[in-house]
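Chemist: To be precise about what I am sending: the file is called protein_7.cif and holds mmCIF, C-alpha atoms.
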data_work
#
loop_
_atom_site.group_PDB
_atom_site.id
_atom_site.type_symbol
_atom_site.label_atom_id
_atom_site.label_comp_id
_atom_site.auth_asym_id
_atom_site.auth_seq_id
_atom_site.Cartn_x
_atom_site.Cartn_y
_atom_site.Cartn_z
ATOM 1 C CA MET M 1 31.724 -23.535 21.177
ATOM 2 C CA ALA M 2 29.800 -26.612 20.063
ATOM 3 C CA LEU M 3 31.438 -30.018 19.652
ATOM 4 C CA THR M 4 31.368 -29.559 15.882
ATOM 5 C CA ASP M 5 33.466 -26.385 16.274
ATOM 6 C CA TRP M 6 36.471 -28.355 17.563
ATOM 7 C CA LEU M 7 38.881 -30.858 16.048
ATOM 8 C CA ILE M 8 41.233 -33.101 18.048
ATOM 9 C CA ALA M 9 44.411 -34.447 16.392
ATOM 10 C CA ILE M 10 46.462 -37.223 18.007
ATOM 11 C CA GLY M 11 49.844 -38.587 16.918
ATOM 12 C CA ALA M 12 51.865 -41.516 18.259
ATOM 13 C CA SER M 13 54.463 -44.126 17.374
ATOM 14 C CA THR M 14 56.282 -46.674 19.577
ATOM 15 C CA GLY M 15 53.951 -47.578 22.455
ATOM 16 C CA GLY M 16 51.181 -45.608 20.828
ATOM 17 C CA THR M 17 48.691 -48.405 20.305
ATOM 18 C CA GLU M 18 48.180 -48.724 24.062
ATOM 19 C CA ALA M 19 48.496 -44.973 24.659
ATOM 20 C CA ILE M 20 45.807 -44.144 22.076
ATOM 21 C CA LYS M 21 43.566 -46.819 23.579
ATOM 22 C CA GLU M 22 44.043 -45.352 27.074
ATOM 23 C CA VAL M 23 43.006 -41.898 25.855
ATOM 24 C CA LEU M 24 40.015 -43.001 23.775
ATOM 25 C CA VAL M 25 38.447 -45.326 26.367
ATOM 26 C CA ARG M 26 38.332 -42.427 28.850
ATOM 27 C CA LEU M 27 36.427 -40.124 26.494
ATOM 28 C CA PRO M 28 32.628 -39.930 26.344
ATOM 29 C CA ALA M 29 30.663 -40.061 23.089
ATOM 30 C CA ALA M 30 30.100 -36.306 23.437
ATOM 31 C CA VAL M 31 33.542 -35.229 22.180
ATOM 32 C CA PRO M 32 34.633 -33.433 19.004
ATOM 33 C CA GLY M 33 35.797 -35.433 16.012
ATOM 34 C CA ILE M 34 39.258 -36.953 16.394
ATOM 35 C CA VAL M 35 41.881 -37.650 13.724
ATOM 36 C CA ILE M 36 44.725 -40.024 14.563
ATOM 37 C CA VAL M 37 48.075 -41.035 13.109
ATOM 38 C CA GLN M 38 49.770 -44.097 14.597
ATOM 39 C CA HIS M 39 52.887 -45.346 12.818
ATOM 40 C CA MET M 40 51.743 -48.793 11.714
ATOM 41 C CA PRO M 41 51.846 -50.902 8.525
ATOM 42 C CA ALA M 42 48.742 -50.941 6.310
ATOM 43 C CA THR M 43 48.106 -54.592 7.118
ATOM 44 C CA PHE M 44 47.454 -53.725 10.772
ATOM 45 C CA THR M 45 45.497 -50.451 10.736
ATOM 46 C CA PRO M 46 42.056 -51.942 9.884
ATOM 47 C CA ALA M 47 42.260 -54.403 12.793
ATOM 48 C CA PHE M 48 43.573 -51.699 15.144
ATOM 49 C CA ALA M 49 40.630 -49.431 14.263
ATOM 50 C CA ARG M 50 38.169 -52.296 14.839
ATOM 51 C CA ARG M 51 39.763 -53.125 18.190
ATOM 52 C CA LEU M 52 39.572 -49.506 19.360
ATOM 53 C CA ASP M 53 35.984 -49.211 18.139
ATOM 54 C CA GLY M 54 34.826 -51.949 20.474
ATOM 55 C CA LEU M 55 36.408 -50.563 23.639
ATOM 56 C CA GLY M 56 34.673 -47.297 24.486
ATOM 57 C CA ALA M 57 32.034 -44.724 23.639
ATOM 58 C CA VAL M 58 33.986 -43.118 20.777
ATOM 59 C CA ARG M 59 33.374 -44.816 17.416
ATOM 60 C CA VAL M 60 36.648 -45.574 15.601
ATOM 61 C CA VAL M 61 37.099 -46.230 11.880
ATOM 62 C CA GLU M 62 40.017 -46.454 9.518
ATOM 63 C CA ALA M 63 39.794 -43.277 7.425
ATOM 64 C CA GLN M 64 38.805 -43.824 3.795
ATOM 65 C CA GLY M 65 39.064 -40.181 2.715
ATOM 66 C CA GLY M 66 36.112 -37.889 2.133
ATOM 67 C CA GLU M 67 34.367 -38.619 5.438
ATOM 68 C CA ARG M 68 32.718 -35.715 7.215
ATOM 69 C CA ILE M 69 34.384 -35.608 10.638
ATOM 70 C CA GLN M 70 31.640 -36.163 13.207
ATOM 71 C CA PRO M 71 31.604 -35.639 16.980
ATOM 72 C CA GLY M 72 32.042 -38.854 18.912
ATOM 73 C CA HIS M 73 34.015 -40.421 16.050
ATOM 74 C CA ALA M 74 37.744 -41.028 15.553
ATOM 75 C CA TYR M 75 39.383 -41.505 12.149
ATOM 76 C CA LEU M 76 42.619 -43.523 12.094
ATOM 77 C CA ALA M 77 45.092 -42.973 9.265
ATOM 78 C CA PRO M 78 45.468 -46.105 7.131
ATOM 79 C CA GLY M 79 48.993 -47.477 7.059
ATOM 80 C CA HIS M 80 49.412 -46.722 3.356
ATOM 81 C CA SER M 81 48.537 -42.986 3.261
ATOM 82 C CA HIS M 82 48.998 -39.667 4.973
ATOM 83 C CA LEU M 83 45.834 -38.430 6.669
ATOM 84 C CA THR M 84 44.919 -34.767 6.270
ATOM 85 C CA VAL M 85 41.801 -32.679 6.827
ATOM 86 C CA LYS M 86 40.072 -30.091 4.687
ATOM 87 C CA ARG M 87 37.621 -27.416 5.774
ATOM 88 C CA SER M 88 34.110 -28.103 4.503
ATOM 89 C CA GLY M 89 31.431 -25.603 5.450
ATOM 90 C CA ALA M 90 31.328 -25.363 9.237
ATOM 91 C CA GLY M 91 33.326 -28.573 9.723
ATOM 92 C CA TRP M 92 36.029 -30.757 8.216
ATOM 93 C CA VAL M 93 36.407 -33.821 6.015
ATOM 94 C CA THR M 94 39.194 -36.396 5.915
ATOM 95 C CA ALA M 95 41.562 -36.660 2.966
ATOM 96 C CA LEU M 96 44.217 -39.262 2.131
ATOM 97 C CA GLU M 97 47.480 -38.649 0.265
ATOM 98 C CA LYS M 98 49.891 -41.287 -1.028
ATOM 99 C CA THR M 99 52.723 -38.771 -1.269
ATOM 100 C CA ALA M 100 56.302 -39.503 -0.183
ATOM 101 C CA PRO M 101 57.040 -40.475 3.425
ATOM 102 C CA VAL M 102 57.796 -37.625 5.841
ATOM 103 C CA ASN M 103 60.307 -38.283 8.636
ATOM 104 C CA ARG M 104 60.540 -41.759 7.048
ATOM 105 C CA HIS M 105 56.856 -42.382 7.822
ATOM 106 C CA ARG M 106 53.623 -42.667 5.869
ATOM 107 C CA PRO M 107 51.336 -41.903 7.524
ATOM 108 C CA ALA M 108 53.269 -39.109 9.222
ATOM 109 C CA VAL M 109 52.057 -37.167 12.243
ATOM 110 C CA ASP M 110 53.620 -33.973 10.872
ATOM 111 C CA VAL M 111 51.487 -34.146 7.715
ATOM 112 C CA LEU M 112 48.291 -34.400 9.769
ATOM 113 C CA PHE M 113 49.283 -31.721 12.281
ATOM 114 C CA HIS M 114 50.297 -29.236 9.574
ATOM 115 C CA ALA M 115 46.937 -29.752 7.829
ATOM 116 C CA VAL M 116 45.054 -29.290 11.104
ATOM 117 C CA ALA M 117 47.032 -26.113 11.853
ATOM 118 C CA LYS M 118 46.076 -24.706 8.442
ATOM 119 C CA GLU M 119 42.446 -25.821 8.346
ATOM 120 C CA ALA M 120 41.367 -25.601 12.006
ATOM 121 C CA GLY M 121 43.808 -23.207 13.718
ATOM 122 C CA ARG M 122 42.597 -22.195 17.155
ATOM 123 C CA GLN M 123 39.640 -24.581 16.885
ATOM 124 C CA ALA M 124 41.993 -27.545 17.254
ATOM 125 C CA ILE M 125 43.633 -29.463 20.073
ATOM 126 C CA GLY M 126 46.860 -31.353 19.323
ATOM 127 C CA VAL M 127 48.088 -34.333 21.323
ATOM 128 C CA LEU M 128 51.514 -35.918 20.820
ATOM 129 C CA LEU M 129 51.967 -39.251 22.550
ATOM 130 C CA THR M 130 54.817 -41.721 23.023
ATOM 131 C CA GLY M 131 57.090 -42.463 20.089
ATOM 132 C CA MET M 132 60.641 -42.652 18.804
ATOM 133 C CA GLY M 133 62.095 -39.845 16.706
ATOM 134 C CA LYS M 134 60.719 -36.400 15.996
ATOM 135 C CA ASP M 135 57.641 -36.932 13.807
ATOM 136 C CA GLY M 136 54.890 -34.576 14.930
ATOM 137 C CA ALA M 137 57.113 -32.042 16.695
ATOM 138 C CA ALA M 138 57.210 -29.506 13.841
ATOM 139 C CA GLY M 139 53.530 -30.060 13.112
ATOM 140 C CA LEU M 140 52.597 -29.513 16.759
ATOM 141 C CA LEU M 141 54.616 -26.298 16.683
ATOM 142 C CA ALA M 142 52.614 -25.209 13.626
ATOM 143 C CA MET M 143 49.375 -25.995 15.462
ATOM 144 C CA HIS M 144 50.594 -24.076 18.521
ATOM 145 C CA GLY M 145 51.509 -21.116 16.308
ATOM 146 C CA ALA M 146 48.054 -21.193 14.698
ATOM 147 C CA GLY M 147 46.426 -20.855 18.120
ATOM 148 C CA ALA M 148 45.629 -24.502 18.857
ATOM 149 C CA TRP M 149 46.017 -25.845 22.380
ATOM 150 C CA THR M 150 48.742 -28.502 22.460
ATOM 151 C CA LEU M 151 49.525 -31.305 24.826
ATOM 152 C CA GLY M 152 52.489 -33.690 25.110
ATOM 153 C CA GLN M 153 52.761 -36.934 27.031
ATOM 154 C CA ASP M 154 55.240 -36.815 29.908
ATOM 155 C CA GLN M 155 58.466 -38.800 30.039
ATOM 156 C CA ASP M 156 57.468 -41.081 32.920
ATOM 157 C CA SER M 157 54.397 -42.465 31.129
ATOM 158 C CA CYS M 158 55.960 -42.783 27.644
ATOM 159 C CA VAL M 159 57.285 -46.087 26.319
ATOM 160 C CA VAL M 160 59.747 -43.955 24.307
ATOM 161 C CA TYR M 161 60.066 -40.262 25.182
ATOM 162 C CA GLY M 162 61.088 -39.111 21.719
ATOM 163 C CA MET M 163 58.344 -37.347 19.796
ATOM 164 C CA PRO M 164 56.825 -35.461 22.775
ATOM 165 C CA ARG M 165 60.321 -34.524 23.965
ATOM 166 C CA GLU M 166 61.218 -33.047 20.571
ATOM 167 C CA ALA M 167 57.978 -31.059 20.559
ATOM 168 C CA ALA M 168 58.631 -29.745 24.078
ATOM 169 C CA LEU M 169 62.165 -28.698 23.089
ATOM 170 C CA LEU M 170 60.699 -26.690 20.184
ATOM 171 C CA GLY M 171 58.302 -24.887 22.529
ATOM 172 C CA ALA M 172 55.329 -26.545 20.825
ATOM 173 C CA VAL M 173 53.656 -27.942 23.959
ATOM 174 C CA ASP M 174 51.255 -25.935 26.120
ATOM 175 C CA GLU M 175 50.913 -28.677 28.711
ATOM 176 C CA VAL M 176 52.876 -31.840 29.562
ATOM 177 C CA VAL M 177 50.738 -34.523 31.217
ATOM 178 C CA SER M 178 50.858 -38.192 32.150
ATOM 179 C CA LEU M 179 49.013 -40.619 29.896
ATOM 180 C CA ASP M 180 46.304 -41.336 32.452
ATOM 181 C CA ASN M 181 45.479 -37.619 32.593
ATOM 182 C CA VAL M 182 45.324 -36.833 28.852
ATOM 183 C CA ALA M 183 41.591 -37.474 28.434
ATOM 184 C CA ALA M 184 40.713 -35.427 31.538
ATOM 185 C CA ARG M 185 42.793 -32.479 30.326
ATOM 186 C CA LEU M 186 41.158 -32.661 26.882
ATOM 187 C CA LEU M 187 37.705 -32.610 28.452
ATOM 188 C CA ALA M 188 38.659 -29.758 30.785
ATOM 189 C CA ARG M 189 39.936 -27.727 27.823
ATOM 190 C CA LEU M 190 36.720 -28.298 25.875
ATOM 191 C CA ARG M 191 34.704 -26.855 28.770
ATOM 192 C CA VAL M 192 36.699 -23.590 28.699
#
Have the structure of the file written as structure tokens, please.
Modeler:
Amino acid sequence: MALTDWLIAIGASTGGTEAIKEVLVRLPAAVPGIVIVQHMPATFTPAFARRLDGLGAVRVVEAQGGERIQPGHAYLAPGHSHLTVKRSGAGWVTALEKTAPVNRHRPAVDVLFHAVAKEAGRQAIGVLLTGMGKDGAAGLLAMHGAGAWTLGQDQDSCVVYGMPREAALLGAVDEVVSLDNVAARLLARLRV
């Protein structure tokens, strides 16, 4: 499959700013489009996107809604809205929703992962990184059930082993890996 045939979804919370950075800086520009939810207030997400954008080959922007998801680009959920995706022709576009918090969060990882499960199915890869609580676990299970390949960060490399642990307990994780191996496993999966 071509890069445009895939969609990567990443979710994180406590410790996630560094974890997301570690994954993105190890990816080349030739990767599928990436959508990201990091639990973070709206006042910080623009600066976080700018910081990530300057660190590696993947271009990072704060999602505005309506963007066509492009290979080599990552779209970070703004702190004020849920990030979802919608199928558009052969690819996907971003969408923002100011609906109620889910798992006490907006943006919520579960909202993104459920949308990716519905719109991308087996053409998606889901990654759940460090974080407190259970946000993302049910969504990763939905992705797994839709045929997506799913990955959870291991306990030893997590700042807080909450969200990936909950996903693993649900049977939502195909592979558990250390943070420094996430990018390599993503790239290996894309070459399958």
Chemist: Would you kindly return, as a ChimeraX atom specification, each protein, DNA or RNA residue with an atom no farther than 10 Å from any atom of Pro78 in chain M, considering all atoms listed in the file and excluding same-chain residues fewer than 3 positions away?
Modeler: /M:36-46,48-49,61-65,75,81-83,96,106-107
Chemist: Expressed in Å to a single decimal, how great is the separation between CA of Val116 in chain M and CA of Ile10 in chain M?
Modeler: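 If I compute the distance from CA of Val116 in chain M to CA of Ile10 in chain M, I get 10.6 Å.
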Chemist: Using all atoms listed in the file, find all polymer residues with an atom at most 8 Å away from the point (34.8, -40.9, 15.8); report them as a VMD selection string.
Modeler: chain M and resid 33 to 34 58 to 61 69 to 75
Chemist: Restricting it to C-alpha atoms, dump the selection as a compact mmCIF listing (two decimals), in the coordinates of the input.
Modeler:
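Result went into part_35.txt, see below:
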# COMPACT_ATOMS: atom_id res chain seq x y z
CA GLY M 33 35.80 -35.43 16.01
CA ILE M 34 39.26 -36.95 16.39
CA VAL M 58 33.99 -43.12 20.78
CA ARG M 59 33.37 -44.82 17.42
CA VAL M 60 36.65 -45.57 15.60
CA VAL M 61 37.10 -46.23 11.88
CA ILE M 69 34.38 -35.61 10.64
CA GLN M 70 31.64 -36.16 13.21
CA PRO M 71 31.60 -35.64 16.98
CA GLY M 72 32.04 -38.85 18.91
CA HIS M 73 34.02 -40.42 16.05
CA ALA M 74 37.74 -41.03 15.55
CA TYR M 75 39.38 -41.50 12.15
Chemist: Show which residues sit within 8 Å of range 139-142 of chain M, as number ranges by chain. Count all atoms listed in the file, and ignore same-chain residues fewer than 2 positions away.
Modeler: M: 109-114, 117, 126, 128, 136-137, 144-146, 150, 167, 170-173
Chemist: Taking into account all atoms listed in the file, which residue in the set M:Leu52, M:Lys134, M:Ala108, M:Met143 is nearest to Ala19 in chain M?
Modeler: M:Leu52
Chemist: Can you sort out the box for range 103-116 of chain M, edges along x, y and z, all listed atoms in, 5 Å on every side, with centre and edge lengths in Å to one decimal, as lines of an AutoDock Vina configuration file?
Modeler:
center_x = 52.8
center_y = -36.0
center_z = 9.1
size_x = 25.5
size_y = 23.4
size_z = 16.4
Chemist: With only C-alpha atoms as the atoms that count, which of M:Ala100, M:Ala47, M:Val176, M:Ala12 lies nearest to Gly162 in chain M?
Modeler: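 Nearest to Gly162 in chain M: M:Ala12.
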Chemist: Can you translate the PyMOL selection byres ((chain M and resi 21) around 10) into the concrete residues it hits in this file, as a list in words?
Modeler: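 That expression, the PyMOL selection byres ((chain M and resi 21) around 10), corresponds here to Gly16, Thr17, Glu18, Ala19, Ile20, Glu22, Val23, Leu24, Val25, Arg26, Phe48, Arg51, Leu52, Asp53, Leu55 and Gly56 of chain M.
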Chemist: Measuring atom to atom with all atoms listed in the file, identify which of M:Trp6, M:Leu151, M:Gln123, M:Tyr161 is nearest to Arg185 in chain M.
Modeler: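 The shortest atom-to-atom distance to Arg185 in chain M comes from M:Leu151.
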Chemist: Using all atoms listed in the file, can you list as a PDB file with C-alpha atoms, in the coordinates of the input the residues within 6 Å of (40.2, -33.6, 10.5)?
Modeler:
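Output contents, as saved in out.pdb:
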ATOM      1  CA  VAL M  35      41.881 -37.650  13.724  1.00  0.00           C
ATOM      2  CA  VAL M  85      41.801 -32.679   6.827  1.00  0.00           C
ATOM      3  CA  TRP M  92      36.029 -30.757   8.216  1.00  0.00           C
ATOM      4  CA  VAL M  93      36.407 -33.821   6.015  1.00  0.00           C
ATOM      5  CA  THR M  94      39.194 -36.396   5.915  1.00  0.00           C
TER       6      THR M  94
END
Chemist: Check the smallest atom-to-atom distance from each of M:Val31, M:Arg68, M:Asp154, M:Met132 to Ala188 in chain M using only C-alpha atoms, then report the winner.
Modeler: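 Of M:Val31, M:Arg68, M:Asp154, M:Met132, the one nearest Ala188 in chain M, counting only C-alpha atoms, is M:Val31.
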Chemist: In Å, how far is it from CA of Arg191 in chain M to CA of Val127 in chain M?
Modeler: 17.0 Å
Chemist: Would you mind listing what lies within 9 Å of Arg189 in chain M as a VMD selection string, with only C-alpha atoms counted and same-chain residues fewer than 3 positions away left out?
Modeler: chain M and resid 125 149 184 to 186 192
Chemist: Restricting it to C-alpha atoms, dump the selection as a short mmCIF file (atom, residue, chain, number, x, y, z; two decimals), in the coordinates of the input.
Modeler:
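Result file is result.cif:
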data_model
loop_
_atom_site.label_atom_id
_atom_site.label_comp_id
_atom_site.auth_asym_id
_atom_site.auth_seq_id
_atom_site.Cartn_x
_atom_site.Cartn_y
_atom_site.Cartn_z
CA ILE M 125 43.63 -29.46 20.07
CA TRP M 149 46.02 -25.84 22.38
CA ALA M 184 40.71 -35.43 31.54
CA ARG M 185 42.79 -32.48 30.33
CA LEU M 186 41.16 -32.66 26.88
CA VAL M 192 36.70 -23.59 28.70
#
Chemist: Rounded to one decimal in Å, what is the spacing between CA of Gly89 in chain M and CA of Ala2 in chain M?
Modeler: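 Separation of CA of Gly89 in chain M and CA of Ala2 in chain M: 14.7 Å.
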Chemist: Running the PyMOL selection byres ((chain M and resi 156) around 12) on this model by hand, what would come out? Give it as a list in words.
Modeler: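 Residues picked by the PyMOL selection byres ((chain M and resi 156) around 12): Leu129, Thr130, Gly152, Gln153, Asp154, Gln155, Ser157, Cys158, Val159, Val160, Tyr161, Gly162, Pro164, Arg165, Val176, Val177, Ser178, Leu179 and Asp180 of chain M.
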Chemist: So, counting all atoms listed in the file, which residue among M:Ala9, M:Gly131, M:Ala124, M:Thr14 is closest to Thr84 in chain M?
Modeler: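 Checking each of M:Ala9, M:Gly131, M:Ala124, M:Thr14 against Thr84 in chain M, counting all atoms listed in the file, the winner is M:Ala9.
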